[in-house]
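A quick write-up on the structure given underneath.
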Amino acid sequence: MDERRDGEPAPMKNRTTVERKSERELVVTRTFNSPARIVFEAWTKPELLKRWWVPKSTGASLLSCEADVRVGGRYRLEFGHEASKSMAFFGRYIEVTPHSRLVWTNEESDDGAVTTVTFEEKGGKTLLILHELYPSKEALDGAIAGMEGGMPEQFEQLDELLVTLGASVGRS
């Protein structure tokens with residue numbers, strides 16, 4: 001492993017894996033070089049979600065972001081190039097366990113998945129596992145194409161944000 005001048009190991013690029021586990025299940029995994037508390041905040045604070053959630057290559061941006069992160073609370077993420085042509089993702093939180101687990105519904109269509117995200121911290125790094133359970137094989141077939149390209153890019157952007165958040169936490 002390379003070392004930086006300050007003796008710290010150089011950060012390694014983490015890989016995002018997107019894997020179909022069954023006809024209705026998709027699992028995305030990625031390790032982040034940040035503690036679970038910070039990774040969890042990036043998934044639950046609207047001002048942080050806005051900074052990484054939409055893949056930059058789409059040219060779109062997150063126009064609005066509401067997240068009432070508690071059991072029964074609702075979320076709504078609206079994105080697009082302009083408000084008149086926006087798309088929204090919305091639903092409600094079923095389970096919220098700070099720094100370790102989030103479960104929510106995706107209610108923007110009848111084909112929406114139930115998403116579970118777990119955050120497992122080991123040695124200051126966080127293994128994130130995103131599991132989506134779709135109502136049918138066809139629903140997953142329709143969703144998977146966009147996710148194989150989009151999720152790795154989203155997670156790269158999240159990685160970049162976590163580096164800046166980690167640096168600011170270290171200075172406080």
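Chain lettering (A, B, ...) mirrors the order of the structure tokens, residue numbering begins at 1 for each chain separately, and ligand numbering begins at 1 in order of display.
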
With 7 Å as the cut-off and only C-alpha atoms counted, what is the closest atom pair between each nearby residue of region 26-65 of chain A and region 125-136 of chain A? Distances in Å to one decimal, ordered by chain and number, as JSON lines.
```
{"residue": "A:Leu26", "atom": "CA", "partner": "A:Glu132", "partner_atom": "CA", "distance": 5.2}
{"residue": "A:Val27", "atom": "CA", "partner": "A:His131", "partner_atom": "CA", "distance": 4.5}
{"residue": "A:Val28", "atom": "CA", "partner": "A:Leu130", "partner_atom": "CA", "distance": 5.0}
{"residue": "A:Thr29", "atom": "CA", "partner": "A:Ile129", "partner_atom": "CA", "distance": 4.6}
{"residue": "A:Arg30", "atom": "CA", "partner": "A:Leu128", "partner_atom": "CA", "distance": 5.4}
{"residue": "A:Thr31", "atom": "CA", "partner": "A:Leu127", "partner_atom": "CA", "distance": 4.3}
{"residue": "A:Phe32", "atom": "CA", "partner": "A:Thr126", "partner_atom": "CA", "distance": 5.2}
{"residue": "A:Asn33", "atom": "CA", "partner": "A:Lys125", "partner_atom": "CA", "distance": 4.5}
{"residue": "A:Ser34", "atom": "CA", "partner": "A:Lys125", "partner_atom": "CA", "distance": 4.8}
{"residue": "A:Pro35", "atom": "CA", "partner": "A:Lys125", "partner_atom": "CA", "distance": 5.3}
{"residue": "A:Ala36", "atom": "CA", "partner": "A:Thr126", "partner_atom": "CA", "distance": 5.3}
```

Go through region 36-55 of chain A and flag each residue having an atom no more than 6 Å from region 144-168 of chain A; for those, report the closest pair of atoms plus their distance in Å to one decimal, using only C-alpha atoms, ordered by chain and rising number, as a tab-separated table.
```
residue	atom	partner	partner_atom	distance
A:Trp52	CA	A:Gln157	CA	5.1
A:Trp53	CA	A:Gln154	CA	5.9
A:Pro55	CA	A:Gln154	CA	5.2
```

Output all heavy atoms for every residue in that selection, as a tab-separated table (two decimals), in the first residue's frame.
```tsv
chain	number	residue	atom	x	y	z
A	52	TRP	N	-24.98	15.07	-3.41
A	52	TRP	CA	-24.45	13.85	-4.05
A	52	TRP	C	-25.49	12.99	-4.77
A	52	TRP	O	-25.14	12.14	-5.56
A	52	TRP	CB	-23.72	12.97	-3.02
A	52	TRP	CG	-24.60	12.32	-1.99
A	52	TRP	CD1	-24.94	12.82	-0.77
A	52	TRP	CD2	-25.23	11.04	-2.06
A	52	TRP	NE1	-25.75	11.96	-0.09
A	52	TRP	CE2	-25.94	10.85	-0.86
A	52	TRP	CE3	-25.26	10.04	-3.04
A	52	TRP	CZ2	-26.69	9.70	-0.61
A	52	TRP	CZ3	-26.01	8.90	-2.78
A	52	TRP	CH2	-26.71	8.73	-1.58
A	53	TRP	N	-26.77	13.20	-4.54
A	53	TRP	CA	-27.76	12.22	-4.95
A	53	TRP	C	-27.98	12.09	-6.46
A	53	TRP	O	-28.17	11.00	-6.97
A	53	TRP	CB	-29.09	12.50	-4.23
A	53	TRP	CG	-30.03	11.36	-4.35
A	53	TRP	CD1	-30.00	10.19	-3.65
A	53	TRP	CD2	-31.13	11.26	-5.24
A	53	TRP	NE1	-31.00	9.37	-4.04
A	53	TRP	CE2	-31.72	10.00	-5.02
A	53	TRP	CE3	-31.68	12.10	-6.20
A	53	TRP	CZ2	-32.83	9.57	-5.73
A	53	TRP	CZ3	-32.79	11.67	-6.90
A	53	TRP	CH2	-33.35	10.41	-6.66
A	55	PRO	N	-26.70	11.87	-10.22
A	55	PRO	CA	-25.45	11.71	-10.98
A	55	PRO	C	-25.18	12.94	-11.86
A	55	PRO	O	-26.06	13.35	-12.62
A	55	PRO	CB	-25.69	10.46	-11.83
A	55	PRO	CG	-26.76	9.70	-11.10
A	55	PRO	CD	-27.62	10.76	-10.45
```

Q) Near Glu78 (chain A), counting only C-alpha atoms, which residues have an atom at most 7 Å away, once you skip same-chain residues fewer than 2 positions from it, shown as a list in words? A)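 The contact residues come out as Leu62, Leu63, Ser64, Cys65, Arg76, Ser86, Met87, Ala88 and Phe89 of chain A.
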
Q. Could you pull out the strand (DSSP E) residues of chain A from DSSP and send them as number ranges by chain?
A. A: 17-20, 25-32, 61-67, 74-80, 87-97, 101-105, 114-122, 125-133

Q: Do a neighbour search on region 103-107 of chain A at 8 Å with only C-alpha atoms, toss out local chain neighbours closer than 2 positions, and write the hits as a PyMOL selection string.
A: chain A and resi 89-96+101+109-110+112-117

Go ahead and save the residues from that selection, with N, CA, C and O atoms, as a PDB file, in the first residue's frame.
```pdb
ATOM      1  N   PHE A  89     -39.072  11.331  -6.695  1.00  0.00           N
ATOM      2  CA  PHE A  89     -39.061  10.068  -5.955  1.00  0.00           C
ATOM      3  C   PHE A  89     -39.648  10.408  -4.594  1.00  0.00           C
ATOM      4  O   PHE A  89     -39.269  11.412  -3.991  1.00  0.00           O
ATOM      5  N   PHE A  90     -40.579   9.582  -4.115  1.00  0.00           N
ATOM      6  CA  PHE A  90     -41.172   9.868  -2.815  1.00  0.00           C
ATOM      7  C   PHE A  90     -41.670   8.596  -2.165  1.00  0.00           C
ATOM      8  O   PHE A  90     -41.866   7.570  -2.826  1.00  0.00           O
ATOM      9  N   GLY A  91     -41.860   8.680  -0.874  1.00  0.00           N
ATOM     10  CA  GLY A  91     -42.340   7.531  -0.115  1.00  0.00           C
ATOM     11  C   GLY A  91     -42.254   7.829   1.359  1.00  0.00           C
ATOM     12  O   GLY A  91     -42.207   8.994   1.766  1.00  0.00           O
ATOM     13  N   ARG A  92     -42.224   6.759   2.149  1.00  0.00           N
ATOM     14  CA  ARG A  92     -42.150   6.965   3.600  1.00  0.00           C
ATOM     15  C   ARG A  92     -41.134   6.018   4.220  1.00  0.00           C
ATOM     16  O   ARG A  92     -40.824   4.959   3.677  1.00  0.00           O
ATOM     17  N   TYR A  93     -40.646   6.446   5.365  1.00  0.00           N
ATOM     18  CA  TYR A  93     -39.665   5.644   6.111  1.00  0.00           C
ATOM     19  C   TYR A  93     -40.398   4.618   6.961  1.00  0.00           C
ATOM     20  O   TYR A  93     -41.326   4.948   7.692  1.00  0.00           O
ATOM     21  N   ILE A  94     -39.987   3.356   6.839  1.00  0.00           N
ATOM     22  CA  ILE A  94     -40.591   2.256   7.592  1.00  0.00           C
ATOM     23  C   ILE A  94     -39.753   1.957   8.829  1.00  0.00           C
ATOM     24  O   ILE A  94     -40.265   1.588   9.874  1.00  0.00           O
ATOM     25  N   GLU A  95     -38.434   2.091   8.691  1.00  0.00           N
ATOM     26  CA  GLU A  95     -37.515   1.791   9.784  1.00  0.00           C
ATOM     27  C   GLU A  95     -36.383   2.804   9.765  1.00  0.00           C
ATOM     28  O   GLU A  95     -35.844   3.118   8.704  1.00  0.00           O
ATOM     29  N   VAL A  96     -36.034   3.326  10.937  1.00  0.00           N
ATOM     30  CA  VAL A  96     -34.914   4.254  11.054  1.00  0.00           C
ATOM     31  C   VAL A  96     -34.136   3.896  12.318  1.00  0.00           C
ATOM     32  O   VAL A  96     -34.642   4.058  13.422  1.00  0.00           O
ATOM     33  N   ARG A 101     -29.249   1.599  10.022  1.00  0.00           N
ATOM     34  CA  ARG A 101     -30.251   1.021   9.112  1.00  0.00           C
ATOM     35  C   ARG A 101     -31.347   2.026   8.759  1.00  0.00           C
ATOM     36  O   ARG A 101     -31.877   2.710   9.619  1.00  0.00           O
ATOM     37  N   SER A 109     -44.314   4.947  -8.276  1.00  0.00           N
ATOM     38  CA  SER A 109     -45.019   4.107  -9.255  1.00  0.00           C
ATOM     39  C   SER A 109     -45.443   2.806  -8.571  1.00  0.00           C
ATOM     40  O   SER A 109     -44.971   2.492  -7.484  1.00  0.00           O
ATOM     41  N   ASP A 110     -46.299   2.057  -9.248  1.00  0.00           N
ATOM     42  CA  ASP A 110     -46.736   0.767  -8.705  1.00  0.00           C
ATOM     43  C   ASP A 110     -45.587  -0.236  -8.699  1.00  0.00           C
ATOM     44  O   ASP A 110     -45.667  -1.274  -8.053  1.00  0.00           O
ATOM     45  N   GLY A 112     -42.563   0.443  -7.615  1.00  0.00           N
ATOM     46  CA  GLY A 112     -41.556   0.903  -6.661  1.00  0.00           C
ATOM     47  C   GLY A 112     -41.106  -0.185  -5.701  1.00  0.00           C
ATOM     48  O   GLY A 112     -41.900  -1.015  -5.245  1.00  0.00           O
ATOM     49  N   ALA A 113     -39.821  -0.154  -5.389  1.00  0.00           N
ATOM     50  CA  ALA A 113     -39.221  -1.138  -4.483  1.00  0.00           C
ATOM     51  C   ALA A 113     -39.348  -0.685  -3.034  1.00  0.00           C
ATOM     52  O   ALA A 113     -39.647   0.470  -2.749  1.00  0.00           O
ATOM     53  N   VAL A 114     -39.080  -1.625  -2.130  1.00  0.00           N
ATOM     54  CA  VAL A 114     -38.820  -1.269  -0.739  1.00  0.00           C
ATOM     55  C   VAL A 114     -37.297  -1.316  -0.622  1.00  0.00           C
ATOM     56  O   VAL A 114     -36.662  -2.311  -0.990  1.00  0.00           O
ATOM     57  N   THR A 115     -36.709  -0.202  -0.177  1.00  0.00           N
ATOM     58  CA  THR A 115     -35.262  -0.070  -0.107  1.00  0.00           C
ATOM     59  C   THR A 115     -34.788  -0.175   1.337  1.00  0.00           C
ATOM     60  O   THR A 115     -35.337   0.485   2.214  1.00  0.00           O
ATOM     61  N   THR A 116     -33.781  -1.002   1.555  1.00  0.00           N
ATOM     62  CA  THR A 116     -33.148  -1.127   2.868  1.00  0.00           C
ATOM     63  C   THR A 116     -31.675  -0.784   2.696  1.00  0.00           C
ATOM     64  O   THR A 116     -31.009  -1.335   1.807  1.00  0.00           O
ATOM     65  N   VAL A 117     -31.186   0.129   3.517  1.00  0.00           N
ATOM     66  CA  VAL A 117     -29.765   0.482   3.482  1.00  0.00           C
ATOM     67  C   VAL A 117     -29.198   0.215   4.865  1.00  0.00           C
ATOM     68  O   VAL A 117     -29.743   0.682   5.864  1.00  0.00           O
TER      69      VAL A 117
END
```

(Q) Which residues are close to Glu23 (chain A), i.e. within 8 Å by only C-alpha atoms, leaving aside same-chain residues fewer than 3 positions away? Reply as number ranges by chain. (A) A: 20, 136-137, 140

Prev. selection, C-alpha atoms, output as a PDB file, in the first residue's frame:
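Generated output (result-v8.pdb):
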```
ATOM      1  CA  ARG A  20     -29.132  -9.008  -9.060  1.00  0.00           C
ATOM      2  CA  SER A 136     -42.163  -8.170  -9.727  1.00  0.00           C
ATOM      3  CA  LYS A 137     -39.373  -9.369 -12.019  1.00  0.00           C
ATOM      4  CA  LEU A 140     -36.665  -4.835 -11.468  1.00  0.00           C
TER       5      LEU A 140
END
```
